[in-house]
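Shown next: run.pdb, given as PDB, N, CA and C atoms.
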ATOM      1  N   MET A   1     142.027 153.879  72.421  1.00  0.00           N
ATOM      2  CA  MET A   1     142.921 154.778  71.738  1.00  0.00           C
ATOM      3  C   MET A   1     142.914 156.104  72.481  1.00  0.00           C
ATOM      4  N   TYR A   2     144.048 156.770  72.535  1.00  0.00           N
ATOM      5  CA  TYR A   2     144.114 158.057  73.205  1.00  0.00           C
ATOM      6  C   TYR A   2     145.188 158.927  72.572  1.00  0.00           C
ATOM      7  N   ASN A   3     145.104 160.220  72.840  1.00  0.00           N
ATOM      8  CA  ASN A   3     146.161 161.139  72.430  1.00  0.00           C
ATOM      9  C   ASN A   3     146.310 162.220  73.475  1.00  0.00           C
ATOM     10  N   SER A   4     147.485 162.822  73.516  1.00  0.00           N
ATOM     11  CA  SER A   4     147.761 163.903  74.456  1.00  0.00           C
ATOM     12  C   SER A   4     147.870 165.203  73.681  1.00  0.00           C
ATOM     13  N   GLN A   5     147.326 166.258  74.262  1.00  0.00           N
ATOM     14  CA  GLN A   5     147.360 167.564  73.625  1.00  0.00           C
ATOM     15  C   GLN A   5     147.729 168.616  74.647  1.00  0.00           C
ATOM     16  N   GLY A   6     148.412 169.637  74.206  1.00  0.00           N
ATOM     17  CA  GLY A   6     148.793 170.728  75.083  1.00  0.00           C
ATOM     18  C   GLY A   6     149.647 171.731  74.338  1.00  0.00           C
ATOM     19  N   THR A   7     150.215 172.667  75.076  1.00  0.00           N
ATOM     20  CA  THR A   7     151.079 173.689  74.502  1.00  0.00           C
ATOM     21  C   THR A   7     152.525 173.224  74.592  1.00  0.00           C
ATOM     22  N   LEU A   8     153.195 173.135  73.447  1.00  0.00           N
ATOM     23  CA  LEU A   8     154.576 172.684  73.411  1.00  0.00           C
ATOM     24  C   LEU A   8     155.459 173.731  74.075  1.00  0.00           C
ATOM     25  N   LYS A   9     156.153 173.340  75.150  1.00  0.00           N
ATOM     26  CA  LYS A   9     157.026 174.250  75.885  1.00  0.00           C
ATOM     27  C   LYS A   9     158.501 173.982  75.615  1.00  0.00           C
ATOM     28  N   GLY A  10     158.846 172.764  75.191  1.00  0.00           N
ATOM     29  CA  GLY A  10     160.243 172.468  74.907  1.00  0.00           C
ATOM     30  C   GLY A  10     160.418 171.066  74.377  1.00  0.00           C
ATOM     31  N   PHE A  11     161.604 170.824  73.777  1.00  0.00           N
ATOM     32  CA  PHE A  11     161.958 169.495  73.275  1.00  0.00           C
ATOM     33  C   PHE A  11     163.472 169.403  73.211  1.00  0.00           C
ATOM     34  N   ASP A  12     163.982 168.184  73.023  1.00  0.00           N
ATOM     35  CA  ASP A  12     165.423 167.995  72.898  1.00  0.00           C
ATOM     36  C   ASP A  12     165.741 167.193  71.642  1.00  0.00           C
ATOM     37  N   GLN A  13     167.018 166.799  71.477  1.00  0.00           N
ATOM     38  CA  GLN A  13     167.465 166.128  70.262  1.00  0.00           C
ATOM     39  C   GLN A  13     166.852 164.743  70.070  1.00  0.00           C
ATOM     40  N   THR A  14     166.310 164.128  71.119  1.00  0.00           N
ATOM     41  CA  THR A  14     165.668 162.816  70.971  1.00  0.00           C
ATOM     42  C   THR A  14     164.144 162.939  70.968  1.00  0.00           C
ATOM     43  N   ILE A  15     163.643 164.132  70.749  1.00  0.00           N
ATOM     44  CA  ILE A  15     162.220 164.459  70.656  1.00  0.00           C
ATOM     45  C   ILE A  15     161.459 164.178  71.950  1.00  0.00           C
ATOM     46  N   ASN A  16     162.140 164.169  73.094  1.00  0.00           N
ATOM     47  CA  ASN A  16     161.412 164.238  74.359  1.00  0.00           C
ATOM     48  C   ASN A  16     160.744 165.608  74.372  1.00  0.00           C
ATOM     49  N   ILE A  17     159.488 165.678  74.776  1.00  0.00           N
ATOM     50  CA  ILE A  17     158.801 166.965  74.733  1.00  0.00           C
ATOM     51  C   ILE A  17     158.177 167.308  76.085  1.00  0.00           C
ATOM     52  N   ILE A  18     157.984 168.595  76.294  1.00  0.00           N
ATOM     53  CA  ILE A  18     157.301 169.106  77.479  1.00  0.00           C
ATOM     54  C   ILE A  18     156.042 169.803  76.999  1.00  0.00           C
ATOM     55  N   LEU A  19     154.887 169.350  77.495  1.00  0.00           N
ATOM     56  CA  LEU A  19     153.604 169.968  77.180  1.00  0.00           C
ATOM     57  C   LEU A  19     153.073 170.655  78.428  1.00  0.00           C
ATOM     58  N   ASP A  20     152.528 171.857  78.259  1.00  0.00           N
ATOM     59  CA  ASP A  20     151.890 172.573  79.357  1.00  0.00           C
ATOM     60  C   ASP A  20     150.401 172.655  79.064  1.00  0.00           C
ATOM     61  N   GLU A  21     149.605 172.802  80.113  1.00  0.00           N
ATOM     62  CA  GLU A  21     148.141 172.864  79.977  1.00  0.00           C
ATOM     63  C   GLU A  21     147.641 171.703  79.124  1.00  0.00           C
ATOM     64  N   SER A  22     148.170 170.521  79.390  1.00  0.00           N
ATOM     65  CA  SER A  22     147.866 169.368  78.546  1.00  0.00           C
ATOM     66  C   SER A  22     146.694 168.543  79.081  1.00  0.00           C
ATOM     67  N   HIS A  23     146.113 167.797  78.160  1.00  0.00           N
ATOM     68  CA  HIS A  23     145.067 166.846  78.511  1.00  0.00           C
ATOM     69  C   HIS A  23     145.166 165.668  77.547  1.00  0.00           C
ATOM     70  N   GLU A  24     144.609 164.566  77.982  1.00  0.00           N
ATOM     71  CA  GLU A  24     144.600 163.343  77.196  1.00  0.00           C
ATOM     72  C   GLU A  24     143.163 163.069  76.785  1.00  0.00           C
ATOM     73  N   ARG A  25     142.964 162.755  75.524  1.00  0.00           N
ATOM     74  CA  ARG A  25     141.640 162.356  75.042  1.00  0.00           C
ATOM     75  C   ARG A  25     141.622 160.842  74.889  1.00  0.00           C
ATOM     76  N   VAL A  26     140.695 160.204  75.589  1.00  0.00           N
ATOM     77  CA  VAL A  26     140.570 158.746  75.562  1.00  0.00           C
ATOM     78  C   VAL A  26     139.341 158.405  74.724  1.00  0.00           C
ATOM     79  N   TYR A  27     139.566 157.671  73.635  1.00  0.00           N
ATOM     80  CA  TYR A  27     138.496 157.322  72.699  1.00  0.00           C
ATOM     81  C   TYR A  27     137.964 155.931  73.001  1.00  0.00           C
ATOM     82  N   SER A  28     136.693 155.722  72.709  1.00  0.00           N
ATOM     83  CA  SER A  28     136.026 154.461  72.997  1.00  0.00           C
ATOM     84  C   SER A  28     135.060 154.135  71.869  1.00  0.00           C
ATOM     85  N   THR A  29     134.689 152.862  71.748  1.00  0.00           N
ATOM     86  CA  THR A  29     133.693 152.464  70.744  1.00  0.00           C
ATOM     87  C   THR A  29     132.276 152.581  71.283  1.00  0.00           C
ATOM     88  N   VAL A  30     132.111 152.729  72.608  1.00  0.00           N
ATOM     89  CA  VAL A  30     130.764 152.707  73.197  1.00  0.00           C
ATOM     90  C   VAL A  30     130.330 154.014  73.841  1.00  0.00           C
ATOM     91  N   GLN A  31     131.252 154.933  74.077  1.00  0.00           N
ATOM     92  CA  GLN A  31     130.871 156.198  74.707  1.00  0.00           C
ATOM     93  C   GLN A  31     131.685 157.327  74.101  1.00  0.00           C
ATOM     94  N   GLY A  32     131.340 158.554  74.436  1.00  0.00           N
ATOM     95  CA  GLY A  32     132.052 159.717  73.925  1.00  0.00           C
ATOM     96  C   GLY A  32     133.488 159.776  74.420  1.00  0.00           C
ATOM     97  N   VAL A  33     134.188 160.795  73.984  1.00  0.00           N
ATOM     98  CA  VAL A  33     135.593 160.978  74.333  1.00  0.00           C
ATOM     99  C   VAL A  33     135.708 161.495  75.760  1.00  0.00           C
ATOM    100  N   GLU A  34     136.545 160.836  76.547  1.00  0.00           N
ATOM    101  CA  GLU A  34     136.821 161.282  77.919  1.00  0.00           C
ATOM    102  C   GLU A  34     138.082 162.133  77.889  1.00  0.00           C
ATOM    103  N   GLN A  35     138.045 163.303  78.523  1.00  0.00           N
ATOM    104  CA  GLN A  35     139.218 164.162  78.595  1.00  0.00           C
ATOM    105  C   GLN A  35     139.783 164.133  80.013  1.00  0.00           C
ATOM    106  N   VAL A  36     141.058 163.762  80.125  1.00  0.00           N
ATOM    107  CA  VAL A  36     141.746 163.666  81.411  1.00  0.00           C
ATOM    108  C   VAL A  36     142.764 164.798  81.476  1.00  0.00           C
ATOM    109  N   VAL A  37     142.636 165.690  82.462  1.00  0.00           N
ATOM    110  CA  VAL A  37     143.558 166.816  82.607  1.00  0.00           C
ATOM    111  C   VAL A  37     144.891 166.310  83.153  1.00  0.00           C
ATOM    112  N   LEU A  38     145.999 166.696  82.484  1.00  0.00           N
ATOM    113  CA  LEU A  38     147.333 166.266  82.882  1.00  0.00           C
ATOM    114  C   LEU A  38     148.188 167.416  83.410  1.00  0.00           C
ATOM    115  N   GLY A  39     147.930 168.647  82.982  1.00  0.00           N
ATOM    116  CA  GLY A  39     148.740 169.790  83.391  1.00  0.00           C
ATOM    117  C   GLY A  39     150.073 169.787  82.674  1.00  0.00           C
ATOM    118  N   LEU A  40     151.181 169.992  83.410  1.00  0.00           N
ATOM    119  CA  LEU A  40     152.516 169.945  82.841  1.00  0.00           C
ATOM    120  C   LEU A  40     152.896 168.478  82.655  1.00  0.00           C
ATOM    121  N   TYR A  41     153.314 168.106  81.443  1.00  0.00           N
ATOM    122  CA  TYR A  41     153.481 166.701  81.103  1.00  0.00           C
ATOM    123  C   TYR A  41     154.736 166.528  80.263  1.00  0.00           C
ATOM    124  N   ILE A  42     155.558 165.552  80.595  1.00  0.00           N
ATOM    125  CA  ILE A  42     156.764 165.241  79.833  1.00  0.00           C
ATOM    126  C   ILE A  42     156.560 163.895  79.155  1.00  0.00           C
ATOM    127  N   ILE A  43     156.818 163.845  77.844  1.00  0.00           N
ATOM    128  CA  ILE A  43     156.646 162.613  77.071  1.00  0.00           C
ATOM    129  C   ILE A  43     157.979 162.234  76.449  1.00  0.00           C
ATOM    130  N   ARG A  44     158.391 160.987  76.658  1.00  0.00           N
ATOM    131  CA  ARG A  44     159.634 160.501  76.055  1.00  0.00           C
ATOM    132  C   ARG A  44     159.471 160.389  74.542  1.00  0.00           C
ATOM    133  N   GLY A  45     160.521 160.745  73.831  1.00  0.00           N
ATOM    134  CA  GLY A  45     160.481 160.757  72.376  1.00  0.00           C
ATOM    135  C   GLY A  45     160.144 159.419  71.753  1.00  0.00           C
ATOM    136  N   ASP A  46     160.558 158.298  72.379  1.00  0.00           N
ATOM    137  CA  ASP A  46     160.268 156.988  71.781  1.00  0.00           C
ATOM    138  C   ASP A  46     158.806 156.580  71.929  1.00  0.00           C
ATOM    139  N   ASN A  47     157.991 157.376  72.632  1.00  0.00           N
ATOM    140  CA  ASN A  47     156.555 157.113  72.751  1.00  0.00           C
ATOM    141  C   ASN A  47     155.720 158.021  71.860  1.00  0.00           C
ATOM    142  N   ILE A  48     156.364 158.821  71.034  1.00  0.00           N
ATOM    143  CA  ILE A  48     155.661 159.787  70.191  1.00  0.00           C
ATOM    144  C   ILE A  48     155.574 159.260  68.770  1.00  0.00           C
ATOM    145  N   ALA A  49     154.364 159.273  68.204  1.00  0.00           N
ATOM    146  CA  ALA A  49     154.169 158.843  66.821  1.00  0.00           C
ATOM    147  C   ALA A  49     154.018 160.044  65.895  1.00  0.00           C
ATOM    148  N   VAL A  50     153.259 161.061  66.313  1.00  0.00           N
ATOM    149  CA  VAL A  50     152.974 162.217  65.463  1.00  0.00           C
ATOM    150  C   VAL A  50     152.906 163.465  66.330  1.00  0.00           C
ATOM    151  N   ILE A  51     153.472 164.546  65.819  1.00  0.00           N
ATOM    152  CA  ILE A  51     153.325 165.851  66.448  1.00  0.00           C
ATOM    153  C   ILE A  51     152.722 166.768  65.397  1.00  0.00           C
ATOM    154  N   GLY A  52     151.686 167.506  65.764  1.00  0.00           N
ATOM    155  CA  GLY A  52     151.059 168.402  64.808  1.00  0.00           C
ATOM    156  C   GLY A  52     150.392 169.571  65.490  1.00  0.00           C
ATOM    157  N   GLU A  53     149.975 170.530  64.684  1.00  0.00           N
ATOM    158  CA  GLU A  53     149.290 171.710  65.182  1.00  0.00           C
ATOM    159  C   GLU A  53     147.790 171.510  65.027  1.00  0.00           C
ATOM    160  N   ILE A  54     147.032 171.948  66.025  1.00  0.00           N
ATOM    161  CA  ILE A  54     145.577 171.805  66.012  1.00  0.00           C
ATOM    162  C   ILE A  54     144.938 173.144  65.710  1.00  0.00           C
ATOM    163  N   ASP A  55     143.937 173.135  64.853  1.00  0.00           N
ATOM    164  CA  ASP A  55     143.148 174.333  64.578  1.00  0.00           C
ATOM    165  C   ASP A  55     142.162 174.489  65.741  1.00  0.00           C
ATOM    166  N   ASP A  56     142.415 175.451  66.627  1.00  0.00           N
ATOM    167  CA  ASP A  56     141.607 175.617  67.841  1.00  0.00           C
ATOM    168  C   ASP A  56     140.137 175.888  67.547  1.00  0.00           C
ATOM    169  N   GLU A  57     139.852 176.650  66.484  1.00  0.00           N
ATOM    170  CA  GLU A  57     138.451 176.945  66.139  1.00  0.00           C
ATOM    171  C   GLU A  57     137.712 175.687  65.705  1.00  0.00           C
ATOM    172  N   MET A  58     138.340 174.899  64.858  1.00  0.00           N
ATOM    173  CA  MET A  58     137.706 173.663  64.394  1.00  0.00           C
ATOM    174  C   MET A  58     137.555 172.672  65.548  1.00  0.00           C
ATOM    175  N   ASP A  59     138.580 172.569  66.384  1.00  0.00           N
ATOM    176  CA  ASP A  59     138.543 171.663  67.528  1.00  0.00           C
ATOM    177  C   ASP A  59     137.398 172.037  68.476  1.00  0.00           C
ATOM    178  N   ALA A  60     137.159 173.326  68.669  1.00  0.00           N
ATOM    179  CA  ALA A  60     136.094 173.787  69.569  1.00  0.00           C
ATOM    180  C   ALA A  60     134.704 173.441  69.024  1.00  0.00           C
ATOM    181  N   ARG A  61     134.575 173.283  67.716  1.00  0.00           N
ATOM    182  CA  ARG A  61     133.267 172.974  67.107  1.00  0.00           C
ATOM    183  C   ARG A  61     132.923 171.488  67.151  1.00  0.00           C
ATOM    184  N   LEU A  62     133.891 170.629  67.452  1.00  0.00           N
ATOM    185  CA  LEU A  62     133.635 169.185  67.462  1.00  0.00           C
ATOM    186  C   LEU A  62     132.794 168.783  68.670  1.00  0.00           C
ATOM    187  N   ASP A  63     131.867 167.850  68.447  1.00  0.00           N
ATOM    188  CA  ASP A  63     131.053 167.298  69.527  1.00  0.00           C
ATOM    189  C   ASP A  63     131.676 165.970  69.948  1.00  0.00           C
ATOM    190  N   PHE A  64     132.530 166.017  70.983  1.00  0.00           N
ATOM    191  CA  PHE A  64     133.256 164.826  71.397  1.00  0.00           C
ATOM    192  C   PHE A  64     132.356 163.790  72.073  1.00  0.00           C
ATOM    193  N   ASN A  65     131.126 164.147  72.449  1.00  0.00           N
ATOM    194  CA  ASN A  65     130.199 163.165  73.010  1.00  0.00           C
ATOM    195  C   ASN A  65     129.716 162.183  71.953  1.00  0.00           C
ATOM    196  N   SER A  66     129.780 162.570  70.682  1.00  0.00           N
ATOM    197  CA  SER A  66     129.302 161.686  69.619  1.00  0.00           C
ATOM    198  C   SER A  66     130.443 160.980  68.869  1.00  0.00           C
ATOM    199  N   VAL A  67     131.680 161.257  69.223  1.00  0.00           N
ATOM    200  CA  VAL A  67     132.829 160.640  68.542  1.00  0.00           C
ATOM    201  C   VAL A  67     133.073 159.245  69.107  1.00  0.00           C
ATOM    202  N   ARG A  68     133.242 158.268  68.220  1.00  0.00           N
ATOM    203  CA  ARG A  68     133.582 156.894  68.594  1.00  0.00           C
ATOM    204  C   ARG A  68     134.809 156.481  67.795  1.00  0.00           C
ATOM    205  N   ALA A  69     135.632 155.594  68.337  1.00  0.00           N
ATOM    206  CA  ALA A  69     136.832 155.145  67.620  1.00  0.00           C
ATOM    207  C   ALA A  69     137.142 153.698  67.970  1.00  0.00           C
ATOM    208  N   GLU A  70     137.533 152.951  66.971  1.00  0.00           N
ATOM    209  CA  GLU A  70     137.961 151.565  67.158  1.00  0.00           C
ATOM    210  C   GLU A  70     139.394 151.556  67.681  1.00  0.00           C
ATOM    211  N   PRO A  71     139.767 150.548  68.483  1.00  0.00           N
ATOM    212  CA  PRO A  71     141.157 150.439  68.945  1.00  0.00           C
ATOM    213  C   PRO A  71     142.115 150.259  67.772  1.00  0.00           C
ATOM    214  N   LEU A  72     143.339 150.741  67.933  1.00  0.00           N
ATOM    215  CA  LEU A  72     144.356 150.541  66.906  1.00  0.00           C
ATOM    216  C   LEU A  72     144.854 149.107  66.949  1.00  0.00           C
ATOM    217  N   ASN A  73     145.268 148.600  65.802  1.00  0.00           N
ATOM    218  CA  ASN A  73     145.868 147.263  65.746  1.00  0.00           C
ATOM    219  C   ASN A  73     147.224 147.287  66.423  1.00  0.00           C
ATOM    220  N   ALA A  74     147.667 146.144  66.892  1.00  0.00           N
ATOM    221  CA  ALA A  74     148.969 146.026  67.545  1.00  0.00           C
ATOM    222  C   ALA A  74     150.072 146.366  66.548  1.00  0.00           C
ATOM    223  N   VAL A  75     151.136 146.980  67.053  1.00  0.00           N
ATOM    224  CA  VAL A  75     152.287 147.341  66.211  1.00  0.00           C
ATOM    225  C   VAL A  75     153.337 146.256  66.375  1.00  0.00           C
ATOM    226  N   SER A  76     153.848 145.766  65.263  1.00  0.00           N
ATOM    227  CA  SER A  76     154.922 144.772  65.335  1.00  0.00           C
ATOM    228  C   SER A  76     156.168 145.388  64.715  1.00  0.00           C
ATOM    229  N   HIS A  77     157.290 145.139  65.348  1.00  0.00           N
ATOM    230  CA  HIS A  77     158.557 145.728  64.886  1.00  0.00           C
ATOM    231  C   HIS A  77     159.346 144.726  64.101  1.00  0.00           C
TER     232      HIS A  77
END

Let me see the structure of the file written as structure tokens.
Amino acid sequence: MYNSQGTLKGFDQTINIILDESHERVYSTVQGVEQVVLGLYIIRGDNIAVIGEIDDEMDARLDFNSVRAEPLNAVSH
């Protein structure tokens, strides 16, 4: 499981978005969260499930070395 985070710089009518200073968090069941730096990143709207605001103070207090996550189930349309 993974998610992308960054500063929202722009979007269009189909929810394609541009993130700046972005990174991807890759979750695993056996090790801590891996953070992959992406920089400026464009995501197509049909690949987006949720957009939200992150509390930077709370996020900074999390210990991502101890976080584990199970894979998501397959999505059927």

> atom N of Asp59 in chain A to atom N of Ile17 in chain A: how many Å, to one decimal?
Replying inline: 23.6 Å

> atom N of Leu38 in chain A to atom C of Leu62 in chain A: how many Å, to one decimal?
Replying inline: 19.2 Å

Residues matched by the PyMOL selection byres (((chain A and resi 45-50 and name CA) around 6) and name CA), written as a PDB file with N, CA and C atoms, in the coordinates of the input:
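What landed in selection36.pdb:
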ATOM      1  N   THR A  14     166.310 164.128  71.119  1.00  0.00           N
ATOM      2  CA  THR A  14     165.668 162.816  70.971  1.00  0.00           C
ATOM      3  C   THR A  14     164.144 162.939  70.968  1.00  0.00           C
ATOM      4  N   ILE A  15     163.643 164.132  70.749  1.00  0.00           N
ATOM      5  CA  ILE A  15     162.220 164.459  70.656  1.00  0.00           C
ATOM      6  C   ILE A  15     161.459 164.178  71.950  1.00  0.00           C
ATOM      7  N   ASN A  16     162.140 164.169  73.094  1.00  0.00           N
ATOM      8  CA  ASN A  16     161.412 164.238  74.359  1.00  0.00           C
ATOM      9  C   ASN A  16     160.744 165.608  74.372  1.00  0.00           C
ATOM     10  N   ARG A  44     158.391 160.987  76.658  1.00  0.00           N
ATOM     11  CA  ARG A  44     159.634 160.501  76.055  1.00  0.00           C
ATOM     12  C   ARG A  44     159.471 160.389  74.542  1.00  0.00           C
ATOM     13  N   ILE A  51     153.472 164.546  65.819  1.00  0.00           N
ATOM     14  CA  ILE A  51     153.325 165.851  66.448  1.00  0.00           C
ATOM     15  C   ILE A  51     152.722 166.768  65.397  1.00  0.00           C
TER      16      ILE A  51
END

> Separation of CA of Asp63 in chain A and atom C of Ile43 in chain A, in Å?
Replying inline: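 Separating CA of Asp63 in chain A from atom C of Ile43 in chain A is a distance of 28.3 Å.
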
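Proximity ranking of A:Gly52, A:Ile42, A:Tyr2, A:Asn73 relative to Arg25 in chain A places A:Tyr2 first, based on only C-alpha atoms.
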
> Out of range 17-70 of chain A, which residues get alpha helix (DSSP H) from DSSP, as a list in words?
Replying inline: Asp56, Glu57, Met58, Asp59, Ala60 and Arg61 of chain A

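Nearest residue to Val26 in chain A among A:Glu57, A:Val75, A:Phe64, A:Asn3 is A:Asn3, counting only C-alpha atoms.
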
>> As a check of understanding, name the residues that the PyMOL selection byres ((chain A and resi 36) around 8) selects in the supplied structure, as a PyMOL selection string.
In response: chain A and resi 22-26+33-35+37-39

> Written as an MDAnalysis selection string, which residues does the PyMOL selection byres (((chain A and resi 54 and name CA) around 12) and name CA) give for the file shown?
Replying inline: chainID A and resid 4:8 51:53 55:60

I need the residues from that last selection saved to file as a short mmCIF file (atom, residue, chain, number, x, y, z; two decimals), keeping the file's coordinate frame (with N, CA and C atoms), if you can.
data_model
loop_
_atom_site.label_atom_id
_atom_site.label_comp_id
_atom_site.auth_asym_id
_atom_site.auth_seq_id
_atom_site.Cartn_x
_atom_site.Cartn_y
_atom_site.Cartn_z
N SER A 4 147.49 162.82 73.52
CA SER A 4 147.76 163.90 74.46
C SER A 4 147.87 165.20 73.68
N GLN A 5 147.33 166.26 74.26
CA GLN A 5 147.36 167.56 73.62
C GLN A 5 147.73 168.62 74.65
N GLY A 6 148.41 169.64 74.21
CA GLY A 6 148.79 170.73 75.08
C GLY A 6 149.65 171.73 74.34
N THR A 7 150.22 172.67 75.08
CA THR A 7 151.08 173.69 74.50
C THR A 7 152.52 173.22 74.59
N LEU A 8 153.20 173.14 73.45
CA LEU A 8 154.58 172.68 73.41
C LEU A 8 155.46 173.73 74.08
N ILE A 51 153.47 164.55 65.82
CA ILE A 51 153.32 165.85 66.45
C ILE A 51 152.72 166.77 65.40
N GLY A 52 151.69 167.51 65.76
CA GLY A 52 151.06 168.40 64.81
C GLY A 52 150.39 169.57 65.49
N GLU A 53 149.98 170.53 64.68
CA GLU A 53 149.29 171.71 65.18
C GLU A 53 147.79 171.51 65.03
N ASP A 55 143.94 173.14 64.85
CA ASP A 55 143.15 174.33 64.58
C ASP A 55 142.16 174.49 65.74
N ASP A 56 142.42 175.45 66.63
CA ASP A 56 141.61 175.62 67.84
C ASP A 56 140.14 175.89 67.55
N GLU A 57 139.85 176.65 66.48
CA GLU A 57 138.45 176.94 66.14
C GLU A 57 137.71 175.69 65.70
N MET A 58 138.34 174.90 64.86
CA MET A 58 137.71 173.66 64.39
C MET A 58 137.56 172.67 65.55
N ASP A 59 138.58 172.57 66.38
CA ASP A 59 138.54 171.66 67.53
C ASP A 59 137.40 172.04 68.48
N ALA A 60 137.16 173.33 68.67
CA ALA A 60 136.09 173.79 69.57
C ALA A 60 134.70 173.44 69.02
#

>> If DSSP is run on the backbone, what residues of range 4-40 of chain A are strand (DSSP E or B)? A reply as a ChimeraX atom specification would be ideal.
In response: /A:4-11,17-26,34-40

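Checking A:Asn65, A:Leu40, A:Ser76, A:Pro71 one by one against Glu21 in chain A, counting only N, CA and C atoms, you find the shortest gap at A:Leu40.
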
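Distances from A:Ala74, A:Ile18, A:Val67, A:Asp12 to Tyr41 in chain A were compared using only N, CA and C atoms, and the smallest one belongs to A:Ile18.
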
Emit as JSON the padded axis-aligned box for all listed atoms of range 48-61 of chain A, 3 Å per side, with centre and edge lengths in Å to one decimal.
{"center_x": 144.6, "center_y": 167.9, "center_z": 67.7, "size_x": 29.4, "size_y": 24.1, "size_z": 12.6}
